[in-house]
$ cat final-v9.cif   # mmCIF, C-alpha atoms and all ligand atoms
data_target
#
loop_
_atom_site.label_atom_id
_atom_site.label_comp_id
_atom_site.auth_asym_id
_atom_site.auth_seq_id
_atom_site.Cartn_x
_atom_site.Cartn_y
_atom_site.Cartn_z
CA MET A 9 -7.34 -81.46 46.16
CA ASP A 10 -10.41 -80.51 44.20
CA CYS A 11 -9.50 -79.65 40.63
CA ARG A 12 -12.04 -78.06 38.34
CA SER A 13 -10.01 -78.29 35.17
CA GLU A 14 -11.78 -80.11 32.38
CA SER A 15 -8.80 -80.37 30.08
CA ALA A 16 -6.58 -83.41 29.86
CA THR A 17 -3.86 -84.59 27.56
CA THR A 18 -2.66 -88.01 26.50
CA GLY A 19 0.91 -86.70 26.39
CA GLN A 20 3.00 -89.24 24.51
CA GLY A 21 0.08 -91.65 24.66
CA ARG A 22 0.08 -94.64 26.96
CA PHE A 23 -2.29 -97.58 27.21
CA ARG A 24 -2.79 -99.78 30.23
CA VAL A 25 -3.84 -103.37 29.69
CA ASN A 26 -5.17 -105.34 32.63
CA ALA A 27 -5.83 -109.06 32.39
CA ASN A 28 -8.51 -110.63 34.51
CA GLY A 29 -8.62 -114.31 33.67
CA LYS A 30 -9.45 -114.47 29.99
CA LEU A 31 -10.87 -110.97 29.99
CA LEU A 32 -8.97 -107.78 29.24
CA ASP A 33 -9.52 -104.18 30.20
CA VAL A 34 -7.74 -101.61 28.08
CA TRP A 35 -7.48 -97.97 29.07
CA LEU A 36 -5.89 -94.93 27.53
CA LEU A 37 -4.18 -92.84 30.19
CA VAL A 38 -4.74 -89.09 30.25
CA ARG A 39 -3.28 -86.42 32.49
CA CYS A 40 -5.05 -83.32 33.77
CA VAL A 41 -3.34 -80.26 32.27
CA SER A 42 -3.57 -78.27 35.50
CA CYS A 43 -3.04 -80.70 38.40
CA ASP A 44 -1.25 -83.55 36.60
CA ARG A 45 -3.57 -86.16 38.00
CA THR A 46 -3.83 -89.23 35.80
CA SER A 47 -7.12 -90.73 34.80
CA LYS A 48 -8.21 -93.40 32.38
CA LEU A 49 -10.40 -93.52 29.31
CA THR A 50 -12.02 -96.89 28.82
CA VAL A 51 -11.08 -98.41 25.46
CA HIS A 52 -12.18 -102.00 26.10
CA GLU A 53 -14.00 -103.32 29.12
CA ARG A 54 -13.91 -106.98 30.14
CA THR A 55 -13.37 -108.13 26.61
CA PRO A 56 -12.37 -111.76 25.86
CA VAL A 57 -8.70 -111.98 24.89
CA THR A 58 -9.63 -114.12 21.92
CA SER A 59 -11.77 -111.37 20.39
CA PHE A 60 -8.79 -109.02 19.99
CA ASP A 61 -6.95 -108.70 16.74
CA PRO A 62 -3.35 -109.72 17.61
CA ASP A 63 -1.88 -106.60 15.92
CA GLU A 64 -4.25 -104.36 17.84
CA LEU A 65 -3.37 -106.05 21.12
CA HIS A 66 0.33 -105.68 20.35
CA GLY A 67 -0.30 -101.99 19.62
CA TYR A 68 -1.83 -101.52 23.07
CA ASN A 69 1.15 -103.23 24.70
CA VAL A 70 3.75 -101.08 22.91
CA ASN A 71 1.75 -97.82 23.07
CA ASP A 72 1.62 -97.52 19.28
CA PRO A 73 1.16 -93.79 18.55
CA ASN A 74 -1.01 -94.54 15.50
CA LEU A 75 -3.31 -96.59 17.68
CA VAL A 76 -3.46 -93.78 20.25
CA ALA A 77 -4.50 -91.37 17.49
CA ALA A 78 -6.99 -93.81 16.02
CA ARG A 79 -8.65 -94.39 19.38
CA LEU A 80 -8.84 -90.68 20.16
CA LEU A 81 -10.55 -90.10 16.81
CA ASP A 82 -13.03 -92.90 17.41
CA PRO A 83 -16.44 -91.26 18.05
CA LEU A 84 -17.54 -94.29 20.04
CA LEU A 85 -14.70 -93.86 22.53
CA ALA A 86 -15.46 -90.15 22.86
CA ARG A 87 -19.13 -90.83 23.53
CA ARG A 88 -18.46 -93.60 26.04
CA ASN A 89 -15.99 -91.47 27.98
CA ARG A 90 -17.82 -88.18 27.41
CA PHE A 91 -14.98 -86.14 25.99
CA THR A 92 -14.47 -83.89 23.01
CA LEU A 93 -11.15 -83.22 21.38
CA ASP A 94 -9.62 -79.78 21.63
CA TRP A 95 -8.03 -78.94 18.28
CA THR A 96 -6.68 -75.54 19.28
CA GLY A 97 -3.32 -75.05 17.63
CA ALA A 98 -3.40 -78.63 16.40
CA TRP A 99 -2.88 -77.93 12.72
CA ARG A 100 -0.09 -76.62 10.59
CA LEU A 101 -0.28 -75.58 6.99
CA ASP A 102 2.46 -76.64 4.59
CA SER A 103 2.25 -74.43 1.55
CA PRO A 104 4.71 -73.34 -1.11
CA SER A 105 6.70 -70.35 0.15
CA ALA A 106 6.43 -68.56 -3.18
CA TRP A 107 3.48 -68.52 -5.50
CA PRO A 108 4.27 -69.50 -9.05
CA ASP A 109 4.35 -66.54 -11.37
CA GLN A 110 1.16 -67.18 -13.24
CA ALA A 111 -2.04 -65.53 -14.23
CA TRP A 112 -5.02 -65.39 -11.91
CA PRO A 113 -7.21 -67.16 -11.08
CA VAL A 114 -5.19 -69.81 -9.29
CA GLN A 115 -6.66 -73.12 -8.26
CA VAL A 116 -5.43 -74.63 -4.99
CA ARG A 117 -5.99 -78.10 -3.68
CA VAL A 118 -5.81 -78.76 0.07
CA ALA A 119 -4.97 -82.24 1.35
CA PHE A 120 -5.15 -83.33 4.99
CA GLU A 121 -2.53 -85.59 6.50
CA ASP A 122 -4.67 -86.02 9.61
CA PRO A 123 -8.39 -85.34 9.98
CA VAL A 124 -8.04 -82.14 12.01
CA PRO A 125 -11.24 -80.08 11.72
CA VAL A 126 -10.50 -76.57 10.47
CA ARG A 127 -12.51 -73.77 8.92
CA PRO A 128 -11.48 -73.33 5.27
CA GLU A 129 -11.62 -69.51 5.58
CA ARG A 130 -9.04 -69.60 8.38
CA LEU A 131 -6.79 -72.00 6.59
CA ILE A 132 -6.94 -70.03 3.33
CA ALA A 133 -6.34 -66.73 5.13
CA GLN A 134 -3.26 -68.10 6.83
CA GLY A 135 -1.97 -69.93 3.78
CA LEU A 136 -2.29 -66.99 1.44
CA GLY A 137 -1.65 -64.18 3.92
CA LEU A 138 -5.04 -62.65 3.22
CA SER A 139 -7.54 -61.01 5.54
CA ARG A 140 -10.81 -62.83 6.17
CA ASN A 141 -12.65 -60.29 4.05
CA GLU A 142 -10.25 -60.78 1.18
CA VAL A 143 -10.73 -64.52 1.46
CA LEU A 144 -14.50 -64.15 1.23
CA ARG A 145 -14.22 -61.73 -1.70
CA ARG A 146 -11.53 -63.49 -3.72
CA THR A 147 -12.17 -67.18 -3.13
CA LYS A 148 -14.51 -69.59 -4.77
CA CYS A 149 -14.69 -72.86 -2.91
CA ASP A 150 -16.53 -76.12 -3.50
CA ILE A 151 -17.52 -76.33 0.18
CA PRO A 152 -18.83 -73.73 2.69
CA LEU A 153 -15.91 -71.56 3.84
CA HIS A 154 -17.15 -71.11 7.39
CA ARG A 155 -17.94 -74.72 8.19
CA ARG A 156 -15.21 -76.93 9.63
CA THR A 157 -13.95 -79.71 7.44
CA SER A 158 -11.35 -82.39 7.89
CA THR A 159 -11.23 -83.70 4.36
CA GLY A 160 -9.51 -82.29 1.33
CA PHE A 161 -11.08 -79.58 -0.80
CA THR A 162 -10.30 -77.31 -3.72
CA PHE A 163 -10.64 -73.56 -4.00
CA THR A 164 -9.96 -70.90 -6.59
CA VAL A 165 -8.37 -67.55 -5.82
CA LEU A 166 -9.37 -64.66 -8.05
CA ALA A 167 -7.14 -61.71 -8.85
CA GLY A 168 -6.90 -58.94 -6.24
CA ASP A 169 -7.85 -55.32 -6.95
ZN ZN A 201 -6.83 -81.48 37.56
#
$ encode --input "final-v9.cif" --output "structure tokens"
Amino acid sequence: MDCRSESATTGQGRFRVNANGKLLDVWLLVRCVSCDRTSKLTVHERTPVTSFDPDELHGYNVNDPNLVAARLLDPLLARRNRFTLDWTGAWRLDSPSAWPDQAWPVQVRVAFEDPVPVRPERLIAQGLGLSRNEVLRRTKCDIPLHRRTSTGFTFTVLAGD
């Protein structure tokens, strides 16, 4: 069957290690989101066993989720296998449910647990329950609000009208 879908998922994340003499191939398995067909992203190709870090090799054998994430975030792997990551719906904001009763302006610091690229204006709007226009009017930020970032930043919210 000819499938035109260009989206795939790693699911739980599974590596396949294939030994060929003293050389190893390591792949990360991905599954097409529409037809379920499995394909492989090349992680290592005909690489001498001795050149692997033992912990890394163990991680491949046990499908270490941290190693799956690290490999997916590796720009080299993305370039070699010609893929880009789809971050749609990939982030969640943990913020205090109630704002402390204090005088404006309020300074907020955002920390990332994982380097998920997100536009600050979107994150601030969702976190504070503000419209995009309100965000632009009431926020002073040390980085551009419209440009995606995946590292922590600080912003200041000014009093509303
Ligand atoms: Zn498919």
$ closest_atom_pairs --input "final-v9.cif" --of "range 58-109 of chain A" --to "range 132-147 of chain A" --cutoff "9 Å" --atoms "all atoms listed in the file" --output "CSV"
residue,atom,partner,partner_atom,distance
A:Leu101,CA,A:Gly135,CA,6.7
A:Asp102,CA,A:Gly135,CA,8.1
A:Ser103,CA,A:Gly135,CA,6.6
A:Pro104,CA,A:Gly135,CA,9.0
$ closest_residue --input "final-v9.cif" --among "A:Gln115, A:Asn28, A:Thr46, A:Thr96" --to "ligand ZN 201 (chain A)" --atoms "only C-alpha atoms and all ligand atoms"
A:Thr46
$ closest_residue --input "final-v9.cif" --among "A:Arg127, A:Arg88, A:Lys30, A:Arg45" --to "ligand ZN 201 (chain A)" --atoms "all atoms listed in the file"
A:Arg45
$ atom_distance --input "final-v9.cif" --atom1 "CA of Phe91 in chain A" --atom2 "CA of Val51 in chain A"
12.9 Å
$ closest_residue --input "final-v9.cif" --among "A:Phe163, A:Trp95, A:Tyr68, A:Phe60" --to "Val25 in chain A" --atoms "all atoms listed in the file"
A:Tyr68
$ decode --input "final-v9.cif" --residues "range 149-163 of chain A" --atoms "all heavy atoms" --output "PDB file, in the first residue's frame"
ATOM      1  N   CYS A 149       9.527  41.538  28.423  1.00  0.00           N
ATOM      2  CA  CYS A 149      10.254  40.274  28.435  1.00  0.00           C
ATOM      3  C   CYS A 149      11.682  40.514  27.984  1.00  0.00           C
ATOM      4  O   CYS A 149      11.945  41.409  27.177  1.00  0.00           O
ATOM      5  CB  CYS A 149       9.544  39.295  27.495  1.00  0.00           C
ATOM      6  SG  CYS A 149      10.165  37.619  27.619  1.00  0.00           S
ATOM      7  N   ASP A 150      12.602  39.705  28.522  1.00  0.00           N
ATOM      8  CA  ASP A 150      14.005  39.887  28.145  1.00  0.00           C
ATOM      9  C   ASP A 150      14.359  39.230  26.813  1.00  0.00           C
ATOM     10  O   ASP A 150      15.479  39.325  26.340  1.00  0.00           O
ATOM     11  CB  ASP A 150      14.948  39.399  29.268  1.00  0.00           C
ATOM     12  CG  ASP A 150      14.622  37.978  29.725  1.00  0.00           C
ATOM     13  OD1 ASP A 150      13.695  37.376  29.140  1.00  0.00           O
ATOM     14  OD2 ASP A 150      15.282  37.480  30.650  1.00  0.00           O
ATOM     15  N   ILE A 151      13.400  38.522  26.200  1.00  0.00           N
ATOM     16  CA  ILE A 151      13.635  37.929  24.881  1.00  0.00           C
ATOM     17  C   ILE A 151      12.424  38.245  24.000  1.00  0.00           C
ATOM     18  O   ILE A 151      11.364  38.600  24.510  1.00  0.00           O
ATOM     19  CB  ILE A 151      13.825  36.392  24.965  1.00  0.00           C
ATOM     20  CG1 ILE A 151      12.596  35.738  25.614  1.00  0.00           C
ATOM     21  CG2 ILE A 151      15.082  36.021  25.752  1.00  0.00           C
ATOM     22  CD1 ILE A 151      12.581  34.234  25.454  1.00  0.00           C
ATOM     23  N   PRO A 152      12.575  38.133  22.666  1.00  0.00           N
ATOM     24  CA  PRO A 152      11.440  38.422  21.777  1.00  0.00           C
ATOM     25  C   PRO A 152      10.257  37.486  22.067  1.00  0.00           C
ATOM     26  O   PRO A 152      10.446  36.280  22.153  1.00  0.00           O
ATOM     27  CB  PRO A 152      11.994  38.176  20.371  1.00  0.00           C
ATOM     28  CG  PRO A 152      13.477  38.190  20.512  1.00  0.00           C
ATOM     29  CD  PRO A 152      13.778  37.757  21.912  1.00  0.00           C
ATOM     30  N   LEU A 153       9.063  38.067  22.198  1.00  0.00           N
ATOM     31  CA  LEU A 153       7.886  37.285  22.587  1.00  0.00           C
ATOM     32  C   LEU A 153       7.409  36.335  21.494  1.00  0.00           C
ATOM     33  O   LEU A 153       6.772  35.334  21.768  1.00  0.00           O
ATOM     34  CB  LEU A 153       6.740  38.223  22.953  1.00  0.00           C
ATOM     35  CG  LEU A 153       6.827  38.924  24.304  1.00  0.00           C
ATOM     36  CD1 LEU A 153       5.727  39.952  24.430  1.00  0.00           C
ATOM     37  CD2 LEU A 153       6.759  37.903  25.427  1.00  0.00           C
ATOM     38  N   HIS A 154       7.694  36.675  20.248  1.00  0.00           N
ATOM     39  CA  HIS A 154       7.132  35.904  19.142  1.00  0.00           C
ATOM     40  C   HIS A 154       8.079  34.820  18.638  1.00  0.00           C
ATOM     41  O   HIS A 154       7.714  34.027  17.792  1.00  0.00           O
ATOM     42  CB  HIS A 154       6.767  36.838  17.988  1.00  0.00           C
ATOM     43  CG  HIS A 154       7.955  37.598  17.483  1.00  0.00           C
ATOM     44  ND1 HIS A 154       8.370  38.770  18.073  1.00  0.00           N
ATOM     45  CD2 HIS A 154       8.826  37.336  16.488  1.00  0.00           C
ATOM     46  CE1 HIS A 154       9.453  39.203  17.440  1.00  0.00           C
ATOM     47  NE2 HIS A 154       9.752  38.356  16.479  1.00  0.00           N
ATOM     48  N   ARG A 155       9.307  34.824  19.138  1.00  0.00           N
ATOM     49  CA  ARG A 155      10.274  33.861  18.628  1.00  0.00           C
ATOM     50  C   ARG A 155      10.384  32.661  19.572  1.00  0.00           C
ATOM     51  O   ARG A 155      10.525  32.834  20.776  1.00  0.00           O
ATOM     52  CB  ARG A 155      11.636  34.510  18.463  1.00  0.00           C
ATOM     53  CG  ARG A 155      12.546  33.720  17.525  1.00  0.00           C
ATOM     54  CD  ARG A 155      13.858  34.433  17.301  1.00  0.00           C
ATOM     55  NE  ARG A 155      13.669  35.796  16.766  1.00  0.00           N
ATOM     56  CZ  ARG A 155      14.560  36.775  16.909  1.00  0.00           C
ATOM     57  NH1 ARG A 155      15.664  36.576  17.575  1.00  0.00           N
ATOM     58  NH2 ARG A 155      14.324  37.966  16.404  1.00  0.00           N
ATOM     59  N   ARG A 156      10.321  31.460  19.009  1.00  0.00           N
ATOM     60  CA  ARG A 156      10.352  30.261  19.838  1.00  0.00           C
ATOM     61  C   ARG A 156      11.634  30.163  20.652  1.00  0.00           C
ATOM     62  O   ARG A 156      12.710  30.469  20.163  1.00  0.00           O
ATOM     63  CB  ARG A 156      10.254  29.001  18.961  1.00  0.00           C
ATOM     64  CG  ARG A 156       8.878  28.745  18.418  1.00  0.00           C
ATOM     65  CD  ARG A 156       8.753  27.311  17.941  1.00  0.00           C
ATOM     66  NE  ARG A 156       7.397  27.046  17.528  1.00  0.00           N
ATOM     67  CZ  ARG A 156       6.931  27.226  16.298  1.00  0.00           C
ATOM     68  NH1 ARG A 156       7.744  27.685  15.366  1.00  0.00           N
ATOM     69  NH2 ARG A 156       5.679  26.957  16.008  1.00  0.00           N
ATOM     70  N   THR A 157      11.468  29.727  21.879  1.00  0.00           N
ATOM     71  CA  THR A 157      12.630  29.493  22.727  1.00  0.00           C
ATOM     72  C   THR A 157      12.461  28.158  23.425  1.00  0.00           C
ATOM     73  O   THR A 157      11.335  27.656  23.553  1.00  0.00           O
ATOM     74  CB  THR A 157      12.798  30.619  23.761  1.00  0.00           C
ATOM     75  OG1 THR A 157      13.986  30.374  24.518  1.00  0.00           O
ATOM     76  CG2 THR A 157      11.617  30.677  24.718  1.00  0.00           C
ATOM     77  N   SER A 158      13.550  27.574  23.852  1.00  0.00           N
ATOM     78  CA  SER A 158      13.436  26.343  24.629  1.00  0.00           C
ATOM     79  C   SER A 158      14.313  26.424  25.872  1.00  0.00           C
ATOM     80  O   SER A 158      14.648  25.435  26.481  1.00  0.00           O
ATOM     81  CB  SER A 158      13.799  25.131  23.777  1.00  0.00           C
ATOM     82  OG  SER A 158      15.072  25.309  23.190  1.00  0.00           O
ATOM     83  N   THR A 159      14.696  27.659  26.205  1.00  0.00           N
ATOM     84  CA  THR A 159      15.448  27.855  27.440  1.00  0.00           C
ATOM     85  C   THR A 159      14.717  28.872  28.310  1.00  0.00           C
ATOM     86  O   THR A 159      13.912  29.668  27.809  1.00  0.00           O
ATOM     87  CB  THR A 159      16.875  28.352  27.163  1.00  0.00           C
ATOM     88  OG1 THR A 159      16.794  29.476  26.291  1.00  0.00           O
ATOM     89  CG2 THR A 159      17.721  27.277  26.513  1.00  0.00           C
ATOM     90  N   GLY A 160      14.989  28.817  29.569  1.00  0.00           N
ATOM     91  CA  GLY A 160      14.287  29.643  30.537  1.00  0.00           C
ATOM     92  C   GLY A 160      14.393  31.135  30.255  1.00  0.00           C
ATOM     93  O   GLY A 160      15.347  31.590  29.638  1.00  0.00           O
ATOM     94  N   PHE A 161      13.389  31.875  30.685  1.00  0.00           N
ATOM     95  CA  PHE A 161      13.419  33.329  30.524  1.00  0.00           C
ATOM     96  C   PHE A 161      12.586  33.974  31.628  1.00  0.00           C
ATOM     97  O   PHE A 161      11.901  33.281  32.385  1.00  0.00           O
ATOM     98  CB  PHE A 161      12.896  33.742  29.138  1.00  0.00           C
ATOM     99  CG  PHE A 161      11.470  33.359  28.877  1.00  0.00           C
ATOM    100  CD1 PHE A 161      10.430  34.232  29.129  1.00  0.00           C
ATOM    101  CD2 PHE A 161      11.164  32.101  28.359  1.00  0.00           C
ATOM    102  CE1 PHE A 161       9.117  33.868  28.878  1.00  0.00           C
ATOM    103  CE2 PHE A 161       9.866  31.726  28.105  1.00  0.00           C
ATOM    104  CZ  PHE A 161       8.833  32.615  28.369  1.00  0.00           C
ATOM    105  N   THR A 162      12.699  35.277  31.719  1.00  0.00           N
ATOM    106  CA  THR A 162      11.982  36.020  32.752  1.00  0.00           C
ATOM    107  C   THR A 162      11.128  37.086  32.093  1.00  0.00           C
ATOM    108  O   THR A 162      11.530  37.657  31.075  1.00  0.00           O
ATOM    109  CB  THR A 162      13.002  36.693  33.699  1.00  0.00           C
ATOM    110  OG1 THR A 162      13.850  35.677  34.229  1.00  0.00           O
ATOM    111  CG2 THR A 162      12.297  37.398  34.843  1.00  0.00           C
ATOM    112  N   PHE A 163       9.936  37.310  32.606  1.00  0.00           N
ATOM    113  CA  PHE A 163       9.135  38.414  32.092  1.00  0.00           C
ATOM    114  C   PHE A 163       8.424  39.123  33.242  1.00  0.00           C
ATOM    115  O   PHE A 163       8.301  38.593  34.342  1.00  0.00           O
ATOM    116  CB  PHE A 163       8.129  37.948  31.032  1.00  0.00           C
ATOM    117  CG  PHE A 163       7.085  36.985  31.553  1.00  0.00           C
ATOM    118  CD1 PHE A 163       5.860  37.462  31.999  1.00  0.00           C
ATOM    119  CD2 PHE A 163       7.321  35.637  31.563  1.00  0.00           C
ATOM    120  CE1 PHE A 163       4.887  36.581  32.465  1.00  0.00           C
ATOM    121  CE2 PHE A 163       6.362  34.749  32.020  1.00  0.00           C
ATOM    122  CZ  PHE A 163       5.130  35.204  32.473  1.00  0.00           C
TER     123      PHE A 163
END
